[in-house]
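What follows is the content of upload.txt, which has compact mmCIF, C-alpha atoms and all ligand atoms:
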# COMPACT_ATOMS: atom_id res chain seq x y z
CA MET A 217 -6.20 12.80 -17.49
CA THR A 218 -8.34 11.20 -14.79
CA ILE A 219 -9.16 13.03 -11.58
CA VAL A 220 -10.54 10.99 -8.70
CA PRO A 221 -11.89 13.03 -5.78
CA VAL A 222 -11.43 11.66 -2.27
CA ALA A 223 -14.41 13.14 -0.43
CA LEU A 224 -13.51 13.71 3.20
CA GLY A 225 -15.07 17.05 4.06
CA ARG A 226 -12.39 19.63 4.81
CA ARG A 227 -9.71 16.95 4.33
CA SER A 228 -10.90 16.26 0.72
CA TYR A 229 -8.33 16.09 -2.08
CA ASP A 230 -7.93 14.97 -5.67
CA VAL A 231 -5.93 12.11 -7.09
CA VAL A 232 -4.67 13.18 -10.52
CA ILE A 233 -3.64 10.39 -12.90
CA GLU A 234 -1.90 11.41 -16.13
CA ARG A 235 0.97 10.07 -18.21
CA GLY A 236 3.97 12.44 -18.04
CA LEU A 237 2.54 14.26 -14.99
CA LEU A 238 5.87 14.17 -13.10
CA GLY A 239 7.44 16.52 -15.64
CA ARG A 240 4.50 18.94 -15.22
CA ALA A 241 4.16 18.59 -11.44
CA ALA A 242 5.34 22.18 -10.80
CA GLU A 243 1.97 23.53 -12.02
CA ARG A 244 0.17 21.61 -9.28
CA LEU A 245 2.83 22.04 -6.58
CA ALA A 246 3.36 25.82 -7.00
CA PRO A 247 0.31 26.85 -4.92
CA LEU A 248 1.40 24.48 -2.13
CA ALA A 249 5.02 25.73 -2.18
CA ARG A 250 3.93 29.28 -1.20
CA GLY A 251 7.20 30.64 -2.65
CA ARG A 252 9.25 28.54 -0.20
CA SER A 253 11.69 25.68 -0.70
CA MET A 254 9.97 22.28 -0.81
CA ALA A 255 11.42 19.23 0.94
CA ILE A 256 11.21 16.17 -1.33
CA VAL A 257 11.72 12.82 0.37
CA SER A 258 12.67 9.85 -1.78
CA ASP A 259 14.76 6.70 -1.74
CA ALA A 260 18.01 5.74 -3.40
CA ASN A 261 16.30 3.83 -6.28
CA VAL A 262 14.08 6.74 -7.28
CA THR A 263 16.80 9.29 -8.02
CA PRO A 264 16.13 9.56 -11.81
CA HIS A 265 12.53 10.59 -11.07
CA LEU A 266 13.74 12.87 -8.28
CA ALA A 267 15.96 14.63 -10.82
CA THR A 268 12.97 15.12 -13.16
CA LEU A 269 10.87 16.57 -10.34
CA GLN A 270 13.60 18.91 -9.09
CA ALA A 271 14.26 20.11 -12.67
CA THR A 272 10.59 20.91 -13.31
CA LEU A 273 10.35 22.73 -9.98
CA ALA A 274 13.53 24.70 -10.66
CA ALA A 275 12.23 25.71 -14.11
CA ALA A 276 9.13 27.09 -12.39
CA GLY A 277 11.27 29.01 -9.89
CA ILE A 278 10.53 26.69 -6.98
CA ALA A 279 13.53 25.73 -4.83
CA SER A 280 13.68 22.22 -3.37
CA GLU A 281 15.82 20.13 -1.06
CA ALA A 282 16.08 16.39 -1.63
CA ILE A 283 16.16 14.03 1.36
CA VAL A 284 17.15 10.58 0.08
CA LEU A 285 16.66 7.63 2.44
CA PRO A 286 17.73 3.99 2.03
CA ALA A 287 15.35 1.85 -0.07
CA GLY A 288 13.34 -1.01 1.41
CA GLU A 289 10.87 -1.94 4.14
CA GLY A 290 13.55 -1.46 6.83
CA THR A 291 13.19 2.30 6.29
CA LYS A 292 9.75 2.25 7.98
CA SER A 293 11.58 2.36 11.33
CA TRP A 294 12.07 4.55 14.41
CA ALA A 295 15.65 5.21 13.27
CA GLN A 296 14.64 6.54 9.84
CA LEU A 297 11.73 8.46 11.37
CA GLU A 298 14.24 10.24 13.59
CA THR A 299 16.58 10.91 10.66
CA LEU A 300 13.71 12.25 8.57
CA THR A 301 12.15 14.47 11.25
CA ASP A 302 15.61 15.91 12.06
CA ARG A 303 16.15 16.67 8.36
CA LEU A 304 12.69 18.25 7.99
CA LEU A 305 13.29 20.45 11.04
CA ALA A 306 16.72 21.43 9.70
CA HIS A 307 15.04 22.31 6.38
CA GLY A 308 12.84 24.67 8.40
CA VAL A 309 9.52 23.07 7.58
CA GLU A 310 6.50 25.06 8.79
CA ARG A 311 3.03 23.76 9.62
CA GLY A 312 1.68 25.38 6.45
CA ASP A 313 4.30 23.70 4.24
CA HIS A 314 3.81 20.57 2.13
CA VAL A 315 6.52 17.91 2.10
CA VAL A 316 6.64 15.79 -1.06
CA ALA A 317 6.77 11.99 -0.70
CA LEU A 318 8.27 10.73 -3.98
CA GLY A 319 8.54 6.94 -3.88
CA GLY A 320 6.77 3.72 -3.07
CA GLY A 321 4.63 2.81 -0.09
CA VAL A 322 7.63 2.82 2.25
CA ILE A 323 8.43 6.47 1.56
CA GLY A 324 4.73 7.42 1.50
CA ASP A 325 3.96 5.74 4.84
CA LEU A 326 7.08 7.13 6.56
CA VAL A 327 6.75 10.69 5.20
CA GLY A 328 3.02 10.76 6.00
CA PHE A 329 3.70 9.70 9.58
CA ALA A 330 6.57 12.20 9.97
CA CYS A 331 4.28 14.97 8.67
CA SER A 332 1.57 13.98 11.17
CA VAL A 333 3.96 14.70 14.07
CA VAL A 334 6.38 17.42 12.89
CA LYS A 335 5.25 20.61 14.61
CA ARG A 336 2.08 18.60 15.50
CA GLY A 337 1.24 18.26 11.84
CA CYS A 338 2.29 19.74 8.50
CA GLY A 339 1.01 19.08 5.00
CA PHE A 340 2.29 16.54 2.49
CA VAL A 341 1.79 15.47 -1.11
CA GLN A 342 2.05 11.94 -2.42
CA ILE A 343 3.82 11.33 -5.75
CA PRO A 344 3.79 7.51 -5.82
CA THR A 345 6.37 5.74 -8.00
CA THR A 346 5.47 2.05 -7.54
CA LEU A 347 2.37 0.25 -8.82
CA LEU A 348 1.50 -0.60 -5.22
CA ALA A 349 1.71 3.01 -4.12
CA GLN A 350 -0.23 4.26 -7.16
CA VAL A 351 -3.13 1.85 -6.66
CA ASP A 352 -3.25 1.77 -2.86
CA SER A 353 -0.87 3.32 -0.34
CA SER A 354 -0.82 6.93 -1.63
CA VAL A 355 -4.59 7.24 -1.13
CA GLY A 356 -6.46 7.18 2.17
CA GLY A 357 -4.10 8.64 4.76
CA LYS A 358 -2.91 5.52 6.59
CA THR A 359 0.69 6.24 7.66
CA ALA A 360 2.96 4.11 9.84
CA ILE A 361 6.28 2.55 10.74
CA ASN A 362 6.99 -1.03 11.77
CA THR A 363 8.31 -2.05 15.22
CA ARG A 364 9.65 -5.24 16.77
CA ALA A 365 6.06 -6.11 17.76
CA GLY A 366 4.78 -5.98 14.20
CA LYS A 367 3.70 -4.23 11.04
CA ASN A 368 2.41 -0.62 10.98
CA LEU A 369 1.81 -0.63 14.75
CA ILE A 370 2.95 2.97 15.26
CA GLY A 371 1.18 5.42 12.99
CA ALA A 372 -1.56 7.92 12.38
CA PHE A 373 -4.31 8.82 9.96
CA HIS A 374 -2.98 11.86 8.10
CA GLN A 375 -4.41 12.68 4.68
CA PRO A 376 -2.24 14.12 1.88
CA ALA A 377 -3.24 17.45 0.31
CA SER A 378 -2.93 15.95 -3.16
CA VAL A 379 -1.87 12.74 -4.94
CA LEU A 380 -0.11 13.04 -8.31
CA ILE A 381 0.19 9.81 -10.30
CA ASP A 382 2.33 9.50 -13.41
CA PRO A 383 1.94 5.91 -14.70
CA ASP A 384 5.03 6.32 -16.91
CA VAL A 385 7.37 6.28 -13.89
CA LEU A 386 6.54 2.57 -13.58
CA ASP A 387 8.66 1.91 -16.70
CA THR A 388 11.73 1.75 -14.42
CA LEU A 389 10.11 -0.43 -11.73
CA PRO A 390 11.58 -3.98 -11.51
CA ALA A 391 9.27 -6.85 -12.56
CA ARG A 392 9.11 -8.32 -9.04
CA GLU A 393 7.88 -4.97 -7.67
CA GLN A 394 5.29 -4.71 -10.47
CA ARG A 395 3.93 -8.12 -9.46
CA ALA A 396 3.86 -7.20 -5.77
CA GLY A 397 1.83 -4.06 -6.55
CA TYR A 398 -0.50 -6.10 -8.76
CA ALA A 399 -1.57 -8.14 -5.72
CA GLU A 400 -3.27 -5.02 -4.30
CA VAL A 401 -4.98 -4.45 -7.70
CA VAL A 402 -6.44 -7.98 -7.62
CA LYS A 403 -7.58 -7.27 -4.05
CA TYR A 404 -10.21 -4.75 -5.26
CA GLY A 405 -11.78 -7.42 -7.48
CA LEU A 406 -11.83 -9.94 -4.67
CA ILE A 407 -13.37 -7.50 -2.18
CA ASP A 408 -16.56 -6.51 -3.99
CA ASP A 409 -16.05 -6.40 -7.77
CA SER A 410 -16.06 -9.81 -9.47
CA ALA A 411 -16.19 -8.15 -12.91
CA PHE A 412 -12.87 -6.44 -12.12
CA PHE A 413 -11.38 -9.78 -11.02
CA GLU A 414 -12.41 -11.14 -14.44
CA TRP A 415 -10.71 -8.12 -16.04
CA CYS A 416 -7.58 -9.00 -14.05
CA GLU A 417 -7.68 -12.60 -15.24
CA ALA A 418 -7.91 -11.38 -18.85
CA ASN A 419 -5.50 -8.42 -18.63
CA GLY A 420 -3.14 -9.01 -15.68
CA ALA A 421 -0.29 -10.32 -17.83
CA LYS A 422 -0.65 -7.36 -20.23
CA LEU A 423 -0.61 -4.90 -17.33
CA LEU A 424 2.52 -6.51 -15.88
CA ALA A 425 4.19 -6.35 -19.30
CA GLY A 426 3.75 -2.55 -19.14
CA ASP A 427 0.82 -2.10 -21.54
CA PRO A 428 -0.06 1.61 -21.00
CA ALA A 429 -3.83 1.25 -21.50
CA ALA A 430 -4.11 -1.72 -19.13
CA ARG A 431 -1.93 0.05 -16.60
CA GLU A 432 -3.94 3.28 -16.67
CA TYR A 433 -7.24 1.43 -16.46
CA ALA A 434 -6.07 -0.62 -13.46
CA ILE A 435 -4.70 2.44 -11.64
CA ALA A 436 -7.84 4.54 -12.18
CA HIS A 437 -10.20 1.68 -11.29
CA SER A 438 -8.22 0.84 -8.13
CA VAL A 439 -7.98 4.47 -6.99
CA GLU A 440 -11.75 4.92 -7.55
CA ALA A 441 -12.46 1.81 -5.46
CA LYS A 442 -10.15 2.90 -2.67
CA ALA A 443 -11.46 6.50 -2.66
CA ARG A 444 -15.05 5.22 -2.40
CA ILE A 445 -14.25 2.97 0.58
CA VAL A 446 -12.11 5.56 2.39
CA ALA A 447 -14.79 8.25 1.93
CA GLU A 448 -17.29 5.91 3.59
CA ASP A 449 -15.09 4.95 6.56
CA GLU A 450 -12.00 7.16 6.83
CA ARG A 451 -10.77 5.76 10.16
CA GLU A 452 -11.79 2.11 9.78
CA THR A 453 -14.50 2.31 12.41
CA THR A 454 -17.58 0.92 10.63
CA GLY A 455 -16.05 -2.23 9.15
CA LYS A 456 -16.18 -0.93 5.55
CA ARG A 457 -12.50 0.13 5.35
CA ALA A 458 -11.48 -3.12 7.05
CA LEU A 459 -12.36 -4.81 3.72
CA LEU A 460 -9.14 -3.26 2.33
CA ASN A 461 -7.34 -5.51 4.82
CA LEU A 462 -8.27 -8.64 2.84
CA GLY A 463 -5.24 -10.95 2.98
CA HIS A 464 -3.39 -8.65 5.37
CA THR A 465 -3.84 -10.52 8.68
CA PHE A 466 -2.17 -13.57 7.14
CA GLY A 467 0.11 -11.33 5.06
CA HIS A 468 1.43 -9.19 7.89
CA ALA A 469 2.17 -12.36 9.92
CA LEU A 470 4.20 -13.69 6.97
CA GLU A 471 6.03 -10.37 6.62
CA ALA A 472 6.83 -10.34 10.35
CA GLU A 473 8.20 -13.88 10.07
CA ALA A 474 10.35 -12.71 7.12
CA GLY A 475 11.68 -9.90 9.34
CA PHE A 476 10.18 -7.09 7.18
CA SER A 477 12.88 -7.75 4.63
CA ASP A 478 13.24 -8.07 0.87
CA LYS A 479 12.84 -11.83 1.38
CA LEU A 480 9.08 -11.24 1.16
CA LEU A 481 7.60 -8.00 -0.22
CA HIS A 482 4.35 -6.59 1.20
CA GLY A 483 2.42 -7.30 -2.01
CA GLU A 484 3.76 -10.86 -2.16
CA ALA A 485 2.66 -11.43 1.44
CA VAL A 486 -0.78 -9.98 0.62
CA ALA A 487 -1.09 -12.30 -2.40
CA ALA A 488 -0.38 -15.36 -0.25
CA GLY A 489 -2.66 -13.90 2.44
CA MET A 490 -5.59 -13.49 0.03
CA ALA A 491 -5.17 -17.08 -1.22
CA LEU A 492 -5.10 -18.23 2.43
CA ALA A 493 -8.22 -16.17 3.30
CA PHE A 494 -10.09 -17.84 0.42
CA ALA A 495 -8.74 -21.32 1.27
CA TYR A 496 -9.73 -20.85 4.91
CA SER A 497 -13.19 -19.58 3.86
CA ALA A 498 -13.61 -22.72 1.72
CA ARG A 499 -12.47 -24.93 4.62
CA ARG A 500 -15.14 -23.28 6.81
CA GLY A 501 -17.77 -23.99 4.12
CA LEU A 502 -18.30 -20.27 3.50
CA CYS A 503 -17.21 -20.24 -0.14
CA ASP A 504 -16.87 -22.77 -2.98
CA ARG A 505 -13.51 -24.50 -3.26
CA GLN A 506 -13.54 -23.64 -7.00
CA ASP A 507 -13.49 -19.92 -6.10
CA ALA A 508 -10.54 -20.41 -3.76
CA GLU A 509 -8.72 -22.42 -6.43
CA ARG A 510 -9.51 -19.77 -9.08
CA VAL A 511 -7.96 -17.03 -6.90
CA ALA A 512 -4.85 -19.14 -6.23
CA ALA A 513 -4.57 -20.07 -9.92
CA HIS A 514 -4.59 -16.42 -11.04
CA LEU A 515 -1.98 -15.42 -8.46
CA ARG A 516 0.26 -18.34 -9.51
CA ALA A 517 -0.25 -17.50 -13.19
CA VAL A 518 1.27 -14.03 -12.71
CA GLY A 519 4.10 -15.33 -10.52
CA LEU A 520 2.74 -14.39 -7.08
CA PRO A 521 2.80 -16.77 -4.08
CA ASP A 522 -0.46 -18.50 -3.16
CA SER A 523 0.53 -20.28 0.07
CA VAL A 524 2.79 -20.03 3.13
CA ALA A 525 5.34 -22.32 1.48
CA ALA A 526 5.25 -20.41 -1.81
CA ALA A 527 5.92 -17.24 0.21
CA GLY A 528 9.12 -18.93 1.43
CA ILE A 529 7.96 -19.16 5.06
CA ARG A 530 8.38 -22.31 7.13
CA ALA A 531 6.85 -21.19 10.44
CA SER A 532 4.20 -23.30 12.20
CA GLY A 533 0.57 -22.21 12.48
CA ILE A 534 0.94 -21.15 16.10
CA VAL A 535 3.98 -18.99 15.35
CA LEU A 536 2.05 -17.16 12.61
CA VAL A 537 -1.04 -16.82 14.80
CA ASN A 538 1.09 -15.29 17.55
CA HIS A 539 2.10 -12.56 15.08
CA MET A 540 -1.61 -12.04 14.31
CA ARG A 541 -2.34 -11.29 17.97
CA HIS A 542 -0.68 -7.87 17.41
CA ASP A 543 -3.11 -7.02 14.57
CA LYS A 544 -4.67 -3.56 14.99
CA LYS A 545 -8.12 -5.05 14.33
CA MET A 546 -7.88 -7.04 17.60
CA ASP A 547 -10.96 -6.17 19.66
CA ALA A 548 -11.44 -7.34 23.26
CA GLY A 549 -9.46 -10.50 22.59
CA THR A 550 -11.11 -11.45 19.28
CA LEU A 551 -9.64 -10.84 15.86
CA PRO A 552 -12.12 -9.86 13.12
CA PHE A 553 -11.05 -11.73 9.96
CA LEU A 554 -11.60 -10.81 6.33
CA LEU A 555 -13.19 -13.91 4.80
CA ALA A 556 -15.15 -14.47 1.58
CA ARG A 557 -18.43 -16.01 0.47
CA GLY A 558 -17.06 -15.99 -3.09
CA ILE A 559 -15.10 -13.79 -5.49
CA GLY A 560 -16.22 -10.19 -4.88
CA LYS A 561 -17.99 -11.20 -1.67
CA THR A 562 -15.54 -10.37 1.12
CA PHE A 563 -16.93 -9.78 4.62
CA VAL A 564 -15.73 -9.31 8.19
CA ASP A 565 -16.13 -12.46 10.29
CA HIS A 566 -16.10 -11.91 14.05
CA SER A 567 -16.30 -15.59 14.95
CA VAL A 568 -12.86 -16.84 13.94
CA ASP A 569 -11.09 -19.07 16.46
CA LEU A 570 -7.34 -18.46 16.26
CA THR A 571 -6.61 -22.04 17.35
CA ASP A 572 -8.54 -23.20 14.29
CA VAL A 573 -6.55 -20.78 12.09
CA ALA A 574 -3.31 -22.26 13.47
CA ALA A 575 -4.59 -25.78 12.69
CA PHE A 576 -5.55 -24.67 9.16
CA LEU A 577 -2.07 -23.21 8.59
CA ASP A 578 -0.44 -26.44 9.80
CA GLU A 579 -2.67 -28.54 7.48
CA GLU A 580 -1.89 -26.14 4.63
CA ARG A 581 1.84 -26.80 5.08
CA THR A 582 1.51 -30.54 4.57
N1 LIG A 601 -0.75 3.33 3.67
C1 LIG A 601 -1.41 2.40 2.99
O1 LIG A 601 -2.63 2.47 2.80
C2 LIG A 601 -0.64 1.24 2.44
C3 LIG A 601 -1.25 0.42 1.49
C4 LIG A 601 -0.50 -0.63 0.95
C5 LIG A 601 0.82 -0.82 1.34
N2 LIG A 601 1.36 0.01 2.24
C6 LIG A 601 2.78 -0.12 2.61
O2 LIG A 601 3.55 0.13 1.46
C7 LIG A 601 4.81 -0.54 1.58
C8 LIG A 601 5.15 -1.24 0.29
O3 LIG A 601 5.21 -0.28 -0.74
P1 LIG A 601 5.97 -0.60 -2.10
O4 LIG A 601 5.60 -1.93 -2.58
O5 LIG A 601 5.77 0.58 -2.95
O6 LIG A 601 7.47 -0.73 -1.60
P2 LIG A 601 8.72 0.27 -1.62
O7 LIG A 601 8.34 1.63 -1.25
O8 LIG A 601 9.77 -0.42 -0.81
O9 LIG A 601 9.15 0.27 -3.15
C9 LIG A 601 9.55 -0.94 -3.74
C10 LIG A 601 10.95 -0.85 -4.37
O10 LIG A 601 10.84 -0.14 -5.60
C11 LIG A 601 11.81 0.92 -5.64
N3 LIG A 601 11.21 1.93 -6.49
C12 LIG A 601 10.20 2.79 -6.18
N4 LIG A 601 9.80 3.43 -7.30
C13 LIG A 601 10.59 3.01 -8.31
C14 LIG A 601 10.63 3.30 -9.69
N5 LIG A 601 9.74 4.09 -10.28
N6 LIG A 601 11.59 2.70 -10.43
C15 LIG A 601 12.47 1.82 -9.85
N7 LIG A 601 12.45 1.48 -8.55
C16 LIG A 601 11.51 2.07 -7.80
C17 LIG A 601 12.03 1.27 -4.21
O11 LIG A 601 13.27 1.88 -4.02
C18 LIG A 601 11.97 -0.10 -3.53
O12 LIG A 601 13.21 -0.74 -3.67
C19 LIG A 601 4.67 -1.50 2.76
O13 LIG A 601 5.36 -0.98 3.86
C20 LIG A 601 3.19 -1.51 3.01
O14 LIG A 601 2.90 -1.77 4.37
C21 LIG A 601 0.67 1.03 2.79
O1 LIG A 602 -5.90 1.58 3.34
C1 LIG A 602 -6.27 0.61 4.01
O2 LIG A 602 -7.15 0.70 4.85
C2 LIG A 602 -5.62 -0.70 3.82
O3 LIG A 602 -5.87 -1.62 4.58
C3 LIG A 602 -4.68 -0.85 2.67
C4 LIG A 602 -3.63 -1.96 2.86
O4 LIG A 602 -3.27 -2.38 1.57
C5 LIG A 602 -2.39 -1.47 3.58
O5 LIG A 602 -1.40 -2.46 3.52
C6 LIG A 602 -2.58 -1.00 4.99
O6 LIG A 602 -1.42 -0.37 5.50
C7 LIG A 602 -2.90 -2.13 5.93
O7 LIG A 602 -3.57 -1.57 7.00
P1 LIG A 602 -3.14 -1.80 8.51
O8 LIG A 602 -4.15 -0.98 9.24
O9 LIG A 602 -3.28 -3.26 8.77
O10 LIG A 602 -1.77 -1.30 8.66
ZN ZN A 603 -1.51 -3.65 1.69

Turn this file's structure into structure tokens for me.
Amino acid sequence: MTIVPVALGRRSYDVVIERGLLGRAAERLAPLARGRSMAIVSDANVTPHLATLQATLAAAGIASEAIVLPAGEGTKSWAQLETLTDRLLAHGVERGDHVVALGGGVIGDLVGFACSVVKRGCGFVQIPTTLLAQVDSSVGGKTAINTRAGKNLIGAFHQPASVLIDPDVLDTLPAREQRAGYAEVVKYGLIDDSAFFEWCEANGAKLLAGDPAAREYAIAHSVEAKARIVAEDERETTGKRALLNLGHTFGHALEAEAGFSDKLLHGEAVAAGMALAFAYSARRGLCDRQDAERVAAHLRAVGLPDSVAAAGIRASGIVLVNHMRHDKKMDAGTLPFLLARGIGKTFVDHSVDLTDVAAFLDEERT
């Protein structure tokens, strides 16, 4: 078992990582249940794991009500937020209760946001069931839904009370979703840990094939990296947490162009976005072209997109840049960009000209 503390003063919590933990989750959830029925929110593809969780709770004498929402990015919407908050209120959730988010980043982000507003805030627990959610979205308290204007534009910071990670639930996750989650694993190496990027180059294929040791190492290492950054800059005000946005300004623009649909998964968009951030850094003379090519080569090697075209997007540079103008990092008309001086040397650049980014994206298409 690995326990990673997320140190946030009175909002501190532990991330527990242990194979088979789902079947023993009642031990950790009992104190949070307070003898009341727990609402468990999940999606239609996670029902086998939902059954395991409800059975272990029932065996421990804890009642639960399942709220099963449609799967997919479209569920991070006003409509599903309304459905979910209505269901939570009908369940009788109190401010002192803890709602369980059992699913990927979509369920985690939606449930976290719902719990930040229901009765002006109730507790929640993350039990992430995708690689992406285990290495990234379940930790750190960013919660949100998407709107017509863009990705994650309506949301709140609301920390979970606990994060319970069972790597074995990934056995049922489709290969494409494993790859998408792996993009956020690679991200930690690219941000500030070149040794971890080398580990990814050597072990990424093994991890994606379901090797338990590689999987557990990647999850623990990623959670430790995220916990360290979030503890330093919980609300993304100092620039430190913004590093976790590497590849996301490009990536969110690609996702918006894909209509937040299964055509392009978040992790796939982030993979292409990270390759673009490195290629743009090289074009600006900030980092060696070999580094940019090495990043792209690793992403391609594991089957992730490394360009706008490989992400299946045909939009012009200006169309993509217009999506970027909605980015939450926008500050008095300028958009801080996550660029790199090399692998493991990501930094925030405040001098990026969006017209130049549009020109770069147009060149990149040809
Ligand atoms: N809050 C954050 O810090 C943060 C960080 C990264 C990403 N995100 C958000 O997370 C979302 C993406 O999350 P995701 O990649 O987990 O997507 P997801 O939640 O849509 O899950 C991916 C797919 O896998 C299915 N699934 C989940 N667990 C499964 C399992 N164990 N077995 C079989 N199928 C399973 C789901 O039903 C879905 O179809 C995006 O909206 C992104 O913006 C948030
Ligand atoms: O936790 C963070 O901070 C991140 O940036 C993690 C990202 O992987 C995640 O996709 C996040 O939701 C993006 O942040 P946003 O503020 O641009 O929505
Ligand atoms: Zn992300």

Mind giving me the straight-line distance from CA of Ile534 in chain A to CA of Met546 in chain A in Å, one decimal? 16.7 Å

From the set A:Ala441, A:Val511, A:Leu577, A:Ala469, which residue has the shortest atom-to-atom contact distance to Asp409 in chain A, counting all atoms listed in the file?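 The shortest atom-to-atom distance to Asp409 in chain A comes from A:Ala441.
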
Please extract the residues at most 7 Å from ligand LIG 602 (chain A), counting only C-alpha atoms and all ligand atoms, and provide them as a list in words, using the chain letters and residue numbers of this document. Asp352, Ser353, Gly356, Lys358, Lys367, Asn368, Glu400, Glu452, Arg457, Ala458, Leu460, Asn461, His464, Asp543 and Lys544 of chain A

What residues have any atom no more than 10 Å from ligand ZN 603 (chain A) when counting all atoms listed in the file, and can you list them as a list in words?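 Every residue with an atom at most 10 Å from ligand ZN 603 (chain A) is listed here: Gly321, Leu348, Ala349, Asp352, Ser353, Ala396, Gly397, Ala399, Glu400, Lys403, Leu460, Asn461, Leu462, Gly463, His464, Gly467, His468, His482, Gly483, Glu484, Ala485, Val486 and Ala487 of chain A.
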
Residues within 6 Å of ligand LIG 601 (chain A) (only C-alpha atoms and all ligand atoms), as a list in words?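 The distance check yields Asp259, Asn261, Val262, Ala287, Gly288, Glu289, Gly319, Gly320, Gly321, Val322, Ile323, Asp325, Thr345, Thr346, Leu348, Ala349, Asp352, Ser353, Lys358, Thr359, Val385, Leu386, Thr388, Leu389, Glu393, Gly397 and His482 of chain A.
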
Given all atoms listed in the file as the basis, pick out the residue of A:Ser497, A:Asn538, A:Ser477, A:Ser253 nearest to Thr291 in chain A.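 Among the listed residues, A:Ser477 lies closest to Thr291 in chain A.
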
So the first atom is CA of Leu515 in chain A and the second is CA of His539 in chain A; what is the distance between them in Å, to one decimal place?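 Separation of CA of Leu515 in chain A and CA of His539 in chain A: 24.1 Å.
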
For Asp504 in chain A, find every residue with an atom within 12 Å (counting all atoms listed in the file), except residues of its own chain fewer than 2 positions away, and show them as JSON, numbers by chain. {"A": [494, 495, 496, 497, 498, 499, 500, 501, 502, 506, 507, 508, 509, 510, 511, 556, 557, 558, 559, 561]}

Please, what distance in Å, to one decimal, runs between CA of Gln296 in chain A and CA of Arg311 in chain A?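 The value is 20.8 Å.
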
Reconstruct N, CA and C atoms of range 439-454 of chain A from the incomplete input and present them as a compact mmCIF listing (two decimals), keeping the file's coordinate frame.
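Listed below is the output, out.txt:
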# COMPACT_ATOMS: atom_id res chain seq x y z
N VAL A 439 -7.90 3.23 -7.78
CA VAL A 439 -7.98 4.47 -6.99
C VAL A 439 -9.45 4.82 -6.73
N GLU A 440 -10.31 4.64 -7.75
CA GLU A 440 -11.75 4.92 -7.55
C GLU A 440 -12.31 4.03 -6.45
N ALA A 441 -11.94 2.75 -6.48
CA ALA A 441 -12.46 1.81 -5.46
C ALA A 441 -11.97 2.22 -4.08
N LYS A 442 -10.69 2.55 -3.99
CA LYS A 442 -10.15 2.90 -2.67
C LYS A 442 -10.76 4.21 -2.17
N ALA A 443 -10.90 5.19 -3.06
CA ALA A 443 -11.46 6.50 -2.66
C ALA A 443 -12.89 6.32 -2.14
N ARG A 444 -13.66 5.46 -2.81
CA ARG A 444 -15.05 5.22 -2.40
C ARG A 444 -15.09 4.62 -0.98
N ILE A 445 -14.24 3.64 -0.73
CA ILE A 445 -14.25 2.97 0.58
C ILE A 445 -13.76 3.92 1.68
N VAL A 446 -12.68 4.65 1.38
CA VAL A 446 -12.11 5.56 2.39
C VAL A 446 -13.11 6.68 2.71
N ALA A 447 -13.82 7.17 1.68
CA ALA A 447 -14.79 8.25 1.93
C ALA A 447 -15.91 7.76 2.84
N GLU A 448 -16.22 6.47 2.76
CA GLU A 448 -17.29 5.91 3.59
C GLU A 448 -16.86 5.67 5.03
N ASP A 449 -15.55 5.38 5.22
CA ASP A 449 -15.09 4.95 6.56
C ASP A 449 -13.62 5.33 6.72
N GLU A 450 -13.37 6.65 6.86
CA GLU A 450 -12.00 7.16 6.83
C GLU A 450 -11.10 6.47 7.86
N ARG A 451 -11.64 6.25 9.08
CA ARG A 451 -10.77 5.76 10.16
C ARG A 451 -11.00 4.30 10.53
N GLU A 452 -11.59 3.55 9.58
CA GLU A 452 -11.79 2.11 9.78
C GLU A 452 -12.59 1.81 11.05
N THR A 453 -13.70 2.53 11.21
CA THR A 453 -14.50 2.31 12.41
C THR A 453 -15.80 1.55 12.14
N THR A 454 -16.28 1.57 10.89
CA THR A 454 -17.58 0.92 10.63
C THR A 454 -17.44 -0.50 10.10
